[in-house]
Every structure is written in structure tokens, then in C-alpha cells.
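This report refers to the structure that appears directly beneath it.
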Amino acid sequence: MRPLPADVLRNLREELIVMHTYHSNAIEGNTLTLSETQLIVQEGLTIGGKSLQEHLEATNNAKAFELIEALAKDKAGITHVTIQSVHEIITKSILEESGKYRMKNVRISGAIHTPPDWTKIVNQIDWLLSDVKNSKLHPIETAACFHHRFVEIHPFVDGNGRVARLLTNLYLFSHEYPAIVLKKEDRITYYQCLKAADSGDLTPFTNFIAKAVDEGLTRSLSVYGGYDDLLPLGVLAKNTPYSQEYLSLRARQGVLDAMKIGKRWHTSRRALDTYLELHGKRNS
């Protein structure tokens, strides 16, 4: 379906940067809304009642996303320099240790394992990068494995989750996948899946990442409009034998290809027709 018109591609990119920035920061406790994040990132405005740190987290994360886009375009892999550069941008003017691996031991509240001693971080990252480079797994499985092991190593005093989400996108970009956005609304599931991976079961987290990739593909296809345009499930349900509630259930189960925008499920006519062909039948 390529090439996309330049203005459509630009709008999609700008939307992705804002969405990733908002959700990645919100997962960590940033209280800016999506619209406030957009005003800060795209318009350079300040929001009354919000802290300087929250503003910096928004602008920094957006700049870091632009960095991984440039790295992907140059076909640059993930290295120690890449990792520290992303962290330096994310935590600029926020952390004294910006861009530097931690030099003290830490504990993560609620985690099963304690991060490795700080003296082992470089070796642990070396092993991780080697495993990723030589991985024979599906790229989505490898991305999930990288993300989990990175936050498990916890190489920085703070900002590890934000860096992991950006580097996961860099890896996916390098394998021709669209950007993924791990949503604030899925925060509990996100941490539960990581906790399961801590116990040795990576499957839930792999499925979690795969669902995010699927939504990324759906979002990208939707910019073509028409048959792939994303519409509220309630609108499309009127032309099916099923209620909006039932189709929402099938969306939550992952059977109907759909994504949540705000509090409402959206899908495309293409996805709904595919679902009806495989799992149901149309109105006569």
C-alpha cells in the first residue's frame, strides 16, 4: 500500500511521538494528559499547575523518540553508546547521573529478583546484546525478551522503563515493524506480564508485545482511510448480527482485531469483515 502521501506520513509520525511520549511517561506516574502532552511537544507551550519535571519528561521523551527514528534510518543497532545516549536525552536536566550506568546497588519494589550488582552491568548488557544479535526467535519474541531482560538488569538509577520502551521500538523498527505504544491503561497487565517473565514464563509478555505490534499495524493501516479506517465499534456493530457489547468482548479476547482509543473500542470494516468470515455471519 506504499507509498504514503508525505503529509499523511508526517501526521502519523507526529501522532505516534505524542502517543508514545504520553503513555510511556504516564506509566511512570507523569500526570500530564494526552492533550497537554501534545501542546508541550508540538506547540512548545507550558501547562499551568504542572511541574517542570513533567514538562521535561515530555520534551525529553519526544526527542529520544526522534533519536531512535534516526538510528533506525541509519540501520544502527543497539549498543552501549545507543543505550546511554537514549538515557541521557530522557533524563536531561532531571538526573545527575544522566546517560551513566548506575554505580550503586538498587532494589525494585515488588520485583522477584534483585538487579545485578552494579559492577556486573556492562557484562550483563554485553550478554544481552549478543543474545539479541544472534537470536533465532521471531523478532517479536526477541523484542519481548530484550525488553524484559533490560529492565531486569536495571542499568540506570532511574528511567529504565522509558529507555526499554524506546529501545524495543528501535529493535522493531530495524525489523520493519511499526512503533508500539504500551498504554497507561494496560499498566497493571504490563507489570504482571513482566513479573511472570521474572519467574521464567515469557509467554504472557511476548503476547502483550505482540498485541501492541498488532495495534501498531492497525493504526498505520488506518491512515489510508476507506476500508481500513478506524471507526467506533458501536457504529460498525449496527450492520452485524451482534451487539456492541458482544463484539467488545471478542475484541478484549483478541479474536476481533480492534484497538481502544480513549474508552471506546475501534475497528475497521476490513477487520470486522474478516471476523465475520471466520467466526460469524453477516445479516441477510
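Each chain in the C-alpha cells gets a letter, A, B and so on, in the order shown; residues start at 1 in every chain, and ligands are counted from 1 in the order they appear.
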Might you pull out every residue within 9 Å of Leu247 of chain A, with only C-alpha atoms counted and same-chain residues fewer than 2 positions away left off, and present them as JSON, numbers by chain?
-> {"A": [233, 234, 237, 242, 243, 244, 245, 249, 250, 251, 252, 256]}
In terms of the shortest atom-to-atom distance over only C-alpha atoms, which of A:Cys145, A:Leu45, A:Leu276, A:Leu221 is closest to Leu9 of chain A?
->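 Closest residue, counting only C-alpha atoms: A:Leu221.
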Any idea what's packed within 12 Å of segment 188-201 of chain A, counting only C-alpha atoms, ignoring anything in its chain fewer than 6 positions away? Could you give it as an MDAnalysis selection string?
-> chainID A and resid 24 27:28 108:115 144:153 161 165 181:182 207:209 211:212
All alpha helix (DSSP H) residues (DSSP, backbone) inside segment 118-279 of chain A, as a PDB file with N, CA and C atoms, in the first residue's frame:
ATOM      1  N   ILE A 121      27.024  -4.721  35.454  1.00  0.00           N
ATOM      2  CA  ILE A 121      26.101  -4.181  34.455  1.00  0.00           C
ATOM      3  C   ILE A 121      26.659  -4.267  33.038  1.00  0.00           C
ATOM      4  N   VAL A 122      27.883  -3.838  32.837  1.00  0.00           N
ATOM      5  CA  VAL A 122      28.464  -3.835  31.485  1.00  0.00           C
ATOM      6  C   VAL A 122      28.473  -5.242  30.898  1.00  0.00           C
ATOM      7  N   ASN A 123      28.925  -6.223  31.691  1.00  0.00           N
ATOM      8  CA  ASN A 123      28.944  -7.604  31.202  1.00  0.00           C
ATOM      9  C   ASN A 123      27.540  -8.113  30.915  1.00  0.00           C
ATOM     10  N   GLN A 124      26.585  -7.778  31.787  1.00  0.00           N
ATOM     11  CA  GLN A 124      25.209  -8.227  31.593  1.00  0.00           C
ATOM     12  C   GLN A 124      24.620  -7.637  30.306  1.00  0.00           C
ATOM     13  N   ILE A 125      24.887  -6.361  30.054  1.00  0.00           N
ATOM     14  CA  ILE A 125      24.408  -5.736  28.819  1.00  0.00           C
ATOM     15  C   ILE A 125      25.100  -6.354  27.604  1.00  0.00           C
ATOM     16  N   ASP A 126      26.395  -6.644  27.733  1.00  0.00           N
ATOM     17  CA  ASP A 126      27.122  -7.310  26.638  1.00  0.00           C
ATOM     18  C   ASP A 126      26.446  -8.631  26.271  1.00  0.00           C
ATOM     19  N   TRP A 127      26.124  -9.436  27.272  1.00  0.00           N
ATOM     20  CA  TRP A 127      25.473 -10.723  27.014  1.00  0.00           C
ATOM     21  C   TRP A 127      24.097 -10.527  26.379  1.00  0.00           C
ATOM     22  N   LEU A 128      23.379  -9.543  26.880  1.00  0.00           N
ATOM     23  CA  LEU A 128      22.049  -9.276  26.330  1.00  0.00           C
ATOM     24  C   LEU A 128      22.138  -8.885  24.861  1.00  0.00           C
ATOM     25  N   LEU A 129      23.027  -7.968  24.533  1.00  0.00           N
ATOM     26  CA  LEU A 129      23.152  -7.516  23.148  1.00  0.00           C
ATOM     27  C   LEU A 129      23.615  -8.640  22.231  1.00  0.00           C
ATOM     28  N   SER A 130      24.486  -9.488  22.738  1.00  0.00           N
ATOM     29  CA  SER A 130      24.946 -10.650  21.955  1.00  0.00           C
ATOM     30  C   SER A 130      23.793 -11.603  21.695  1.00  0.00           C
ATOM     31  N   ASP A 131      22.993 -11.872  22.724  1.00  0.00           N
ATOM     32  CA  ASP A 131      21.847 -12.776  22.570  1.00  0.00           C
ATOM     33  C   ASP A 131      20.834 -12.220  21.575  1.00  0.00           C
ATOM     34  N   VAL A 132      20.614 -10.912  21.623  1.00  0.00           N
ATOM     35  CA  VAL A 132      19.669 -10.286  20.691  1.00  0.00           C
ATOM     36  C   VAL A 132      20.202 -10.380  19.262  1.00  0.00           C
ATOM     37  N   LYS A 133      21.470 -10.091  19.082  1.00  0.00           N
ATOM     38  CA  LYS A 133      22.082 -10.136  17.748  1.00  0.00           C
ATOM     39  C   LYS A 133      22.029 -11.531  17.152  1.00  0.00           C
ATOM     40  N   PRO A 139      11.151 -11.984  15.585  1.00  0.00           N
ATOM     41  CA  PRO A 139      11.523 -10.644  16.064  1.00  0.00           C
ATOM     42  C   PRO A 139      10.683 -10.132  17.225  1.00  0.00           C
ATOM     43  N   ILE A 140       9.391 -10.469  17.248  1.00  0.00           N
ATOM     44  CA  ILE A 140       8.552 -10.005  18.350  1.00  0.00           C
ATOM     45  C   ILE A 140       8.940 -10.712  19.644  1.00  0.00           C
ATOM     46  N   GLU A 141       9.262 -11.997  19.573  1.00  0.00           N
ATOM     47  CA  GLU A 141       9.731 -12.723  20.751  1.00  0.00           C
ATOM     48  C   GLU A 141      11.058 -12.139  21.250  1.00  0.00           C
ATOM     49  N   THR A 142      11.947 -11.840  20.293  1.00  0.00           N
ATOM     50  CA  THR A 142      13.239 -11.261  20.658  1.00  0.00           C
ATOM     51  C   THR A 142      13.060  -9.894  21.296  1.00  0.00           C
ATOM     52  N   ALA A 143      12.142  -9.085  20.749  1.00  0.00           N
ATOM     53  CA  ALA A 143      11.870  -7.757  21.310  1.00  0.00           C
ATOM     54  C   ALA A 143      11.367  -7.876  22.743  1.00  0.00           C
ATOM     55  N   ALA A 144      10.473  -8.833  22.983  1.00  0.00           N
ATOM     56  CA  ALA A 144       9.932  -9.040  24.330  1.00  0.00           C
ATOM     57  C   ALA A 144      11.029  -9.488  25.285  1.00  0.00           C
ATOM     58  N   CYS A 145      11.874 -10.402  24.817  1.00  0.00           N
ATOM     59  CA  CYS A 145      12.977 -10.898  25.647  1.00  0.00           C
ATOM     60  C   CYS A 145      13.942  -9.761  25.984  1.00  0.00           C
ATOM     61  N   PHE A 146      14.274  -8.943  24.989  1.00  0.00           N
ATOM     62  CA  PHE A 146      15.176  -7.814  25.224  1.00  0.00           C
ATOM     63  C   PHE A 146      14.589  -6.867  26.266  1.00  0.00           C
ATOM     64  N   HIS A 147      13.324  -6.499  26.063  1.00  0.00           N
ATOM     65  CA  HIS A 147      12.671  -5.544  26.967  1.00  0.00           C
ATOM     66  C   HIS A 147      12.706  -6.052  28.409  1.00  0.00           C
ATOM     67  N   HIS A 148      12.333  -7.313  28.594  1.00  0.00           N
ATOM     68  CA  HIS A 148      12.300  -7.861  29.951  1.00  0.00           C
ATOM     69  C   HIS A 148      13.684  -7.902  30.585  1.00  0.00           C
ATOM     70  N   ARG A 149      14.651  -8.420  29.845  1.00  0.00           N
ATOM     71  CA  ARG A 149      15.987  -8.560  30.428  1.00  0.00           C
ATOM     72  C   ARG A 149      16.620  -7.200  30.704  1.00  0.00           C
ATOM     73  N   PHE A 150      16.300  -6.216  29.874  1.00  0.00           N
ATOM     74  CA  PHE A 150      16.859  -4.877  30.096  1.00  0.00           C
ATOM     75  C   PHE A 150      16.360  -4.305  31.424  1.00  0.00           C
ATOM     76  N   VAL A 151      15.057  -4.377  31.647  1.00  0.00           N
ATOM     77  CA  VAL A 151      14.535  -3.819  32.910  1.00  0.00           C
ATOM     78  C   VAL A 151      14.948  -4.691  34.092  1.00  0.00           C
ATOM     79  N   GLU A 152      15.211  -5.970  33.838  1.00  0.00           N
ATOM     80  CA  GLU A 152      15.686  -6.850  34.906  1.00  0.00           C
ATOM     81  C   GLU A 152      17.108  -6.471  35.320  1.00  0.00           C
ATOM     82  N   ILE A 153      17.941  -6.115  34.344  1.00  0.00           N
ATOM     83  CA  ILE A 153      19.308  -5.664  34.640  1.00  0.00           C
ATOM     84  C   ILE A 153      19.278  -4.308  35.336  1.00  0.00           C
ATOM     85  N   ASN A 160      14.742   3.432  33.521  1.00  0.00           N
ATOM     86  CA  ASN A 160      14.948   2.164  32.810  1.00  0.00           C
ATOM     87  C   ASN A 160      13.744   1.769  31.955  1.00  0.00           C
ATOM     88  N   GLY A 161      12.533   1.943  32.488  1.00  0.00           N
ATOM     89  CA  GLY A 161      11.342   1.578  31.729  1.00  0.00           C
ATOM     90  C   GLY A 161      11.197   2.402  30.468  1.00  0.00           C
ATOM     91  N   ARG A 162      11.407   3.704  30.588  1.00  0.00           N
ATOM     92  CA  ARG A 162      11.303   4.581  29.415  1.00  0.00           C
ATOM     93  C   ARG A 162      12.334   4.202  28.356  1.00  0.00           C
ATOM     94  N   VAL A 163      13.566   3.928  28.795  1.00  0.00           N
ATOM     95  CA  VAL A 163      14.616   3.531  27.852  1.00  0.00           C
ATOM     96  C   VAL A 163      14.268   2.193  27.203  1.00  0.00           C
ATOM     97  N   ALA A 164      13.776   1.245  27.990  1.00  0.00           N
ATOM     98  CA  ALA A 164      13.420  -0.071  27.453  1.00  0.00           C
ATOM     99  C   ALA A 164      12.347   0.043  26.384  1.00  0.00           C
ATOM    100  N   ARG A 165      11.342   0.887  26.612  1.00  0.00           N
ATOM    101  CA  ARG A 165      10.254   1.021  25.634  1.00  0.00           C
ATOM    102  C   ARG A 165      10.749   1.659  24.338  1.00  0.00           C
ATOM    103  N   LEU A 166      11.667   2.602  24.454  1.00  0.00           N
ATOM    104  CA  LEU A 166      12.231   3.216  23.249  1.00  0.00           C
ATOM    105  C   LEU A 166      13.145   2.255  22.489  1.00  0.00           C
ATOM    106  N   LEU A 167      13.999   1.541  23.207  1.00  0.00           N
ATOM    107  CA  LEU A 167      14.917   0.616  22.542  1.00  0.00           C
ATOM    108  C   LEU A 167      14.173  -0.564  21.926  1.00  0.00           C
ATOM    109  N   THR A 168      13.080  -0.972  22.545  1.00  0.00           N
ATOM    110  CA  THR A 168      12.256  -2.020  21.950  1.00  0.00           C
ATOM    111  C   THR A 168      11.718  -1.554  20.612  1.00  0.00           C
ATOM    112  N   ASN A 169      11.321  -0.293  20.540  1.00  0.00           N
ATOM    113  CA  ASN A 169      10.869   0.250  19.261  1.00  0.00           C
ATOM    114  C   ASN A 169      11.999   0.322  18.244  1.00  0.00           C
ATOM    115  N   LEU A 170      13.196   0.664  18.693  1.00  0.00           N
ATOM    116  CA  LEU A 170      14.341   0.684  17.782  1.00  0.00           C
ATOM    117  C   LEU A 170      14.564  -0.692  17.177  1.00  0.00           C
ATOM    118  N   TYR A 171      14.484  -1.730  18.020  1.00  0.00           N
ATOM    119  CA  TYR A 171      14.653  -3.091  17.513  1.00  0.00           C
ATOM    120  C   TYR A 171      13.550  -3.443  16.514  1.00  0.00           C
ATOM    121  N   LEU A 172      12.314  -3.099  16.837  1.00  0.00           N
ATOM    122  CA  LEU A 172      11.201  -3.401  15.933  1.00  0.00           C
ATOM    123  C   LEU A 172      11.326  -2.620  14.629  1.00  0.00           C
ATOM    124  N   PHE A 173      11.715  -1.346  14.725  1.00  0.00           N
ATOM    125  CA  PHE A 173      11.935  -0.553  13.514  1.00  0.00           C
ATOM    126  C   PHE A 173      12.937  -1.242  12.596  1.00  0.00           C
ATOM    127  N   SER A 174      14.007  -1.764  13.193  1.00  0.00           N
ATOM    128  CA  SER A 174      15.074  -2.381  12.408  1.00  0.00           C
ATOM    129  C   SER A 174      14.610  -3.656  11.708  1.00  0.00           C
ATOM    130  N   ARG A 187      -1.205  -0.669  32.241  1.00  0.00           N
ATOM    131  CA  ARG A 187      -0.052  -0.643  33.142  1.00  0.00           C
ATOM    132  C   ARG A 187      -0.001  -1.863  34.054  1.00  0.00           C
ATOM    133  N   ILE A 188      -1.132  -2.216  34.658  1.00  0.00           N
ATOM    134  CA  ILE A 188      -1.153  -3.354  35.582  1.00  0.00           C
ATOM    135  C   ILE A 188      -0.817  -4.641  34.847  1.00  0.00           C
ATOM    136  N   THR A 189      -1.426  -4.836  33.661  1.00  0.00           N
ATOM    137  CA  THR A 189      -1.141  -6.035  32.861  1.00  0.00           C
ATOM    138  C   THR A 189       0.325  -6.070  32.450  1.00  0.00           C
ATOM    139  N   TYR A 190       0.846  -4.931  32.075  1.00  0.00           N
ATOM    140  CA  TYR A 190       2.248  -4.792  31.688  1.00  0.00           C
ATOM    141  C   TYR A 190       3.165  -5.296  32.798  1.00  0.00           C
ATOM    142  N   TYR A 191       2.949  -4.813  34.007  1.00  0.00           N
ATOM    143  CA  TYR A 191       3.790  -5.222  35.126  1.00  0.00           C
ATOM    144  C   TYR A 191       3.555  -6.680  35.526  1.00  0.00           C
ATOM    145  N   GLN A 192       2.333  -7.147  35.399  1.00  0.00           N
ATOM    146  CA  GLN A 192       2.051  -8.552  35.698  1.00  0.00           C
ATOM    147  C   GLN A 192       2.783  -9.467  34.722  1.00  0.00           C
ATOM    148  N   CYS A 193       2.804  -9.092  33.457  1.00  0.00           N
ATOM    149  CA  CYS A 193       3.496  -9.899  32.444  1.00  0.00           C
ATOM    150  C   CYS A 193       5.003  -9.894  32.672  1.00  0.00           C
ATOM    151  N   LEU A 194       5.540  -8.738  33.062  1.00  0.00           N
ATOM    152  CA  LEU A 194       6.969  -8.673  33.377  1.00  0.00           C
ATOM    153  C   LEU A 194       7.294  -9.538  34.595  1.00  0.00           C
ATOM    154  N   LYS A 195       6.382  -9.538  35.561  1.00  0.00           N
ATOM    155  CA  LYS A 195       6.597 -10.345  36.762  1.00  0.00           C
ATOM    156  C   LYS A 195       6.587 -11.832  36.424  1.00  0.00           C
ATOM    157  N   ALA A 196       5.683 -12.236  35.506  1.00  0.00           N
ATOM    158  CA  ALA A 196       5.659 -13.629  35.060  1.00  0.00           C
ATOM    159  C   ALA A 196       6.973 -13.991  34.368  1.00  0.00           C
ATOM    160  N   ALA A 197       7.511 -13.041  33.599  1.00  0.00           N
ATOM    161  CA  ALA A 197       8.796 -13.273  32.932  1.00  0.00           C
ATOM    162  C   ALA A 197       9.919 -13.400  33.960  1.00  0.00           C
ATOM    163  N   ASP A 198       9.824 -12.638  35.047  1.00  0.00           N
ATOM    164  CA  ASP A 198      10.807 -12.768  36.132  1.00  0.00           C
ATOM    165  C   ASP A 198      10.843 -14.197  36.666  1.00  0.00           C
ATOM    166  N   THR A 203       5.989 -16.070  27.972  1.00  0.00           N
ATOM    167  CA  THR A 203       4.856 -16.111  27.046  1.00  0.00           C
ATOM    168  C   THR A 203       3.855 -14.969  27.239  1.00  0.00           C
ATOM    169  N   PRO A 204       3.394 -14.686  28.472  1.00  0.00           N
ATOM    170  CA  PRO A 204       2.436 -13.579  28.625  1.00  0.00           C
ATOM    171  C   PRO A 204       2.990 -12.241  28.130  1.00  0.00           C
ATOM    172  N   PHE A 205       4.266 -11.977  28.398  1.00  0.00           N
ATOM    173  CA  PHE A 205       4.832 -10.702  27.966  1.00  0.00           C
ATOM    174  C   PHE A 205       5.023 -10.672  26.454  1.00  0.00           C
ATOM    175  N   THR A 206       5.396 -11.807  25.866  1.00  0.00           N
ATOM    176  CA  THR A 206       5.512 -11.877  24.408  1.00  0.00           C
ATOM    177  C   THR A 206       4.161 -11.599  23.756  1.00  0.00           C
ATOM    178  N   ASN A 207       3.104 -12.195  24.308  1.00  0.00           N
ATOM    179  CA  ASN A 207       1.767 -11.939  23.775  1.00  0.00           C
ATOM    180  C   ASN A 207       1.366 -10.479  23.957  1.00  0.00           C
ATOM    181  N   PHE A 208       1.767  -9.898  25.057  1.00  0.00           N
ATOM    182  CA  PHE A 208       1.470  -8.494  25.337  1.00  0.00           C
ATOM    183  C   PHE A 208       2.132  -7.584  24.287  1.00  0.00           C
ATOM    184  N   ILE A 209       3.397  -7.867  23.987  1.00  0.00           N
ATOM    185  CA  ILE A 209       4.111  -7.095  22.969  1.00  0.00           C
ATOM    186  C   ILE A 209       3.509  -7.351  21.585  1.00  0.00           C
ATOM    187  N   ALA A 210       3.148  -8.594  21.313  1.00  0.00           N
ATOM    188  CA  ALA A 210       2.548  -8.927  20.020  1.00  0.00           C
ATOM    189  C   ALA A 210       1.242  -8.169  19.800  1.00  0.00           C
ATOM    190  N   LYS A 211       0.452  -8.045  20.871  1.00  0.00           N
ATOM    191  CA  LYS A 211      -0.799  -7.286  20.772  1.00  0.00           C
ATOM    192  C   LYS A 211      -0.507  -5.823  20.471  1.00  0.00           C
ATOM    193  N   ALA A 212       0.535  -5.279  21.084  1.00  0.00           N
ATOM    194  CA  ALA A 212       0.907  -3.887  20.818  1.00  0.00           C
ATOM    195  C   ALA A 212       1.369  -3.711  19.373  1.00  0.00           C
ATOM    196  N   VAL A 213       2.091  -4.696  18.843  1.00  0.00           N
ATOM    197  CA  VAL A 213       2.512  -4.652  17.439  1.00  0.00           C
ATOM    198  C   VAL A 213       1.292  -4.685  16.531  1.00  0.00           C
ATOM    199  N   ASP A 214       0.343  -5.556  16.859  1.00  0.00           N
ATOM    200  CA  ASP A 214      -0.884  -5.657  16.078  1.00  0.00           C
ATOM    201  C   ASP A 214      -1.622  -4.317  16.052  1.00  0.00           C
ATOM    202  N   GLU A 215      -1.701  -3.664  17.200  1.00  0.00           N
ATOM    203  CA  GLU A 215      -2.358  -2.358  17.253  1.00  0.00           C
ATOM    204  C   GLU A 215      -1.573  -1.327  16.449  1.00  0.00           C
ATOM    205  N   GLY A 216      -0.255  -1.423  16.486  1.00  0.00           N
ATOM    206  CA  GLY A 216       0.571  -0.511  15.700  1.00  0.00           C
ATOM    207  C   GLY A 216       0.318  -0.662  14.210  1.00  0.00           C
ATOM    208  N   LEU A 217       0.191  -1.907  13.760  1.00  0.00           N
ATOM    209  CA  LEU A 217      -0.114  -2.172  12.351  1.00  0.00           C
ATOM    210  C   LEU A 217      -1.497  -1.644  11.992  1.00  0.00           C
ATOM    211  N   THR A 218      -2.470  -1.884  12.885  1.00  0.00           N
ATOM    212  CA  THR A 218      -3.833  -1.404  12.654  1.00  0.00           C
ATOM    213  C   THR A 218      -3.855   0.116  12.551  1.00  0.00           C
ATOM    214  N   ARG A 219      -3.121   0.781  13.460  1.00  0.00           N
ATOM    215  CA  ARG A 219      -3.067   2.237  13.451  1.00  0.00           C
ATOM    216  C   ARG A 219      -2.448   2.748  12.156  1.00  0.00           C
ATOM    217  N   SER A 220      -1.379   2.090  11.692  1.00  0.00           N
ATOM    218  CA  SER A 220      -0.714   2.512  10.459  1.00  0.00           C
ATOM    219  C   SER A 220      -1.625   2.327   9.248  1.00  0.00           C
ATOM    220  N   LEU A 221      -2.302   1.186   9.178  1.00  0.00           N
ATOM    221  CA  LEU A 221      -3.200   0.928   8.050  1.00  0.00           C
ATOM    222  C   LEU A 221      -4.366   1.903   8.017  1.00  0.00           C
ATOM    223  N   SER A 222      -4.795   2.347   9.195  1.00  0.00           N
ATOM    224  CA  SER A 222      -5.981   3.202   9.277  1.00  0.00           C
ATOM    225  C   SER A 222      -5.778   4.542   8.579  1.00  0.00           C
ATOM    226  N   LEU A 233     -16.701   0.849  17.473  1.00  0.00           N
ATOM    227  CA  LEU A 233     -17.332  -0.463  17.342  1.00  0.00           C
ATOM    228  C   LEU A 233     -18.853  -0.343  17.351  1.00  0.00           C
ATOM    229  N   GLY A 234     -19.364   0.618  18.117  1.00  0.00           N
ATOM    230  CA  GLY A 234     -20.806   0.802  18.182  1.00  0.00           C
ATOM    231  C   GLY A 234     -21.414   1.162  16.840  1.00  0.00           C
ATOM    232  N   VAL A 235     -20.661   1.896  16.025  1.00  0.00           N
ATOM    233  CA  VAL A 235     -21.139   2.283  14.693  1.00  0.00           C
ATOM    234  C   VAL A 235     -21.181   1.082  13.765  1.00  0.00           C
ATOM    235  N   LEU A 236     -20.089   0.307  13.767  1.00  0.00           N
ATOM    236  CA  LEU A 236     -19.995  -0.836  12.861  1.00  0.00           C
ATOM    237  C   LEU A 236     -20.892  -2.000  13.289  1.00  0.00           C
ATOM    238  N   ALA A 237     -21.153  -2.117  14.585  1.00  0.00           N
ATOM    239  CA  ALA A 237     -21.976  -3.232  15.079  1.00  0.00           C
ATOM    240  C   ALA A 237     -23.386  -3.204  14.517  1.00  0.00           C
ATOM    241  N   GLN A 244     -22.902  -4.434  20.245  1.00  0.00           N
ATOM    242  CA  GLN A 244     -21.627  -3.781  20.523  1.00  0.00           C
ATOM    243  C   GLN A 244     -20.930  -4.452  21.696  1.00  0.00           C
ATOM    244  N   GLU A 245     -21.698  -4.854  22.711  1.00  0.00           N
ATOM    245  CA  GLU A 245     -21.122  -5.478  23.900  1.00  0.00           C
ATOM    246  C   GLU A 245     -20.436  -6.799  23.554  1.00  0.00           C
ATOM    247  N   TYR A 246     -21.100  -7.589  22.693  1.00  0.00           N
ATOM    248  CA  TYR A 246     -20.518  -8.880  22.325  1.00  0.00           C
ATOM    249  C   TYR A 246     -19.228  -8.682  21.524  1.00  0.00           C
ATOM    250  N   LEU A 247     -19.255  -7.754  20.570  1.00  0.00           N
ATOM    251  CA  LEU A 247     -18.057  -7.512  19.770  1.00  0.00           C
ATOM    252  C   LEU A 247     -16.935  -6.916  20.617  1.00  0.00           C
ATOM    253  N   SER A 248     -17.303  -6.128  21.624  1.00  0.00           N
ATOM    254  CA  SER A 248     -16.288  -5.604  22.542  1.00  0.00           C
ATOM    255  C   SER A 248     -15.620  -6.742  23.305  1.00  0.00           C
ATOM    256  N   LEU A 249     -16.423  -7.732  23.696  1.00  0.00           N
ATOM    257  CA  LEU A 249     -15.869  -8.908  24.366  1.00  0.00           C
ATOM    258  C   LEU A 249     -14.894  -9.633  23.460  1.00  0.00           C
ATOM    259  N   ARG A 250     -15.264  -9.810  22.200  1.00  0.00           N
ATOM    260  CA  ARG A 250     -14.380 -10.504  21.252  1.00  0.00           C
ATOM    261  C   ARG A 250     -13.099  -9.701  21.004  1.00  0.00           C
ATOM    262  N   ALA A 251     -13.218  -8.360  21.073  1.00  0.00           N
ATOM    263  CA  ALA A 251     -12.028  -7.513  20.941  1.00  0.00           C
ATOM    264  C   ALA A 251     -11.105  -7.711  22.136  1.00  0.00           C
ATOM    265  N   ARG A 252     -11.681  -7.744  23.344  1.00  0.00           N
ATOM    266  CA  ARG A 252     -10.867  -7.948  24.551  1.00  0.00           C
ATOM    267  C   ARG A 252     -10.195  -9.311  24.536  1.00  0.00           C
ATOM    268  N   ARG A 269     -13.651  -1.736   8.885  1.00  0.00           N
ATOM    269  CA  ARG A 269     -14.577  -2.610   8.165  1.00  0.00           C
ATOM    270  C   ARG A 269     -13.858  -3.871   7.685  1.00  0.00           C
ATOM    271  N   ARG A 270     -12.595  -3.714   7.303  1.00  0.00           N
ATOM    272  CA  ARG A 270     -11.810  -4.876   6.853  1.00  0.00           C
ATOM    273  C   ARG A 270     -11.678  -5.905   7.978  1.00  0.00           C
ATOM    274  N   ALA A 271     -11.306  -5.414   9.175  1.00  0.00           N
ATOM    275  CA  ALA A 271     -11.131  -6.322  10.308  1.00  0.00           C
ATOM    276  C   ALA A 271     -12.450  -6.974  10.696  1.00  0.00           C
ATOM    277  N   LEU A 272     -13.524  -6.206  10.665  1.00  0.00           N
ATOM    278  CA  LEU A 272     -14.824  -6.756  11.036  1.00  0.00           C
ATOM    279  C   LEU A 272     -15.292  -7.783  10.015  1.00  0.00           C
ATOM    280  N   ASP A 273     -15.087  -7.512   8.742  1.00  0.00           N
ATOM    281  CA  ASP A 273     -15.462  -8.482   7.711  1.00  0.00           C
ATOM    282  C   ASP A 273     -14.666  -9.773   7.854  1.00  0.00           C
ATOM    283  N   THR A 274     -13.379  -9.628   8.191  1.00  0.00           N
ATOM    284  CA  THR A 274     -12.541 -10.817   8.410  1.00  0.00           C
ATOM    285  C   THR A 274     -13.073 -11.628   9.584  1.00  0.00           C
ATOM    286  N   TYR A 275     -13.451 -10.941  10.654  1.00  0.00           N
ATOM    287  CA  TYR A 275     -14.001 -11.623  11.817  1.00  0.00           C
ATOM    288  C   TYR A 275     -15.289 -12.362  11.452  1.00  0.00           C
ATOM    289  N   LEU A 276     -16.169 -11.705  10.713  1.00  0.00           N
ATOM    290  CA  LEU A 276     -17.451 -12.312  10.349  1.00  0.00           C
ATOM    291  C   LEU A 276     -17.258 -13.527   9.443  1.00  0.00           C
ATOM    292  N   GLU A 277     -16.270 -13.449   8.561  1.00  0.00           N
ATOM    293  CA  GLU A 277     -15.991 -14.585   7.672  1.00  0.00           C
ATOM    294  C   GLU A 277     -15.479 -15.790   8.447  1.00  0.00           C
ATOM    295  N   LEU A 278     -14.687 -15.521   9.488  1.00  0.00           N
ATOM    296  CA  LEU A 278     -14.071 -16.617  10.241  1.00  0.00           C
ATOM    297  C   LEU A 278     -14.930 -17.106  11.400  1.00  0.00           C
ATOM    298  N   HIS A 279     -15.679 -16.213  12.017  1.00  0.00           N
ATOM    299  CA  HIS A 279     -16.339 -16.557  13.282  1.00  0.00           C
ATOM    300  C   HIS A 279     -17.843 -16.294  13.312  1.00  0.00           C
TER     301      HIS A 279
END
Might you pull out every residue within 8 Å of Trp118 of chain A, with only C-alpha atoms counted and same-chain residues fewer than 5 positions away left off, and present them as a PDB file with N, CA and C atoms, in the first residue's frame?
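The resulting part19.pdb:
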ATOM      1  N   ARG A 102      24.363   3.002  36.477  1.00  0.00           N
ATOM      2  CA  ARG A 102      24.395   3.211  37.929  1.00  0.00           C
ATOM      3  C   ARG A 102      25.695   2.675  38.543  1.00  0.00           C
ATOM      4  N   MET A 103      26.102   3.326  39.606  1.00  0.00           N
ATOM      5  CA  MET A 103      27.313   2.908  40.327  1.00  0.00           C
ATOM      6  C   MET A 103      26.973   2.586  41.775  1.00  0.00           C
ATOM      7  N   LYS A 104      25.767   2.079  41.966  1.00  0.00           N
ATOM      8  CA  LYS A 104      25.349   1.599  43.280  1.00  0.00           C
ATOM      9  C   LYS A 104      24.291   0.526  43.072  1.00  0.00           C
ATOM     10  N   ASN A 105      24.060  -0.265  44.089  1.00  0.00           N
ATOM     11  CA  ASN A 105      23.060  -1.319  44.004  1.00  0.00           C
ATOM     12  C   ASN A 105      21.687  -0.783  44.362  1.00  0.00           C
ATOM     13  N   PRO A 155      19.954  -1.052  34.392  1.00  0.00           N
ATOM     14  CA  PRO A 155      21.298  -0.468  34.337  1.00  0.00           C
ATOM     15  C   PRO A 155      21.411   0.970  34.857  1.00  0.00           C
TER      16      PRO A 155
END
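Of the listed residues (A:Thr267, A:Lys260, A:Asp186, A:His175), A:His175 comes nearest to Gly77 of chain A; the distances count only C-alpha atoms.
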Contacts of Gly159 of chain A within 12 Å, only C-alpha atoms, excl. fewer than 6 positions in-chain, as a VMD selection string = chain A and resid 24 to 25 27 to 29 57 60 to 61 83 to 84 86 to 92 94 to 95 97 to 102 150 to 151 165 to 166
Selected residue, from A:Pro116, A:Ala258, A:Val8, A:Ala70, that lies nearest to Gly225 of chain A when counting only C-alpha atoms | A:Val8
Looking at A:Val255, A:His266, A:Asn11, A:Tyr22, which one is nearest to Glu185 of chain A, with distances taken over only C-alpha atoms?
-> A:Tyr22
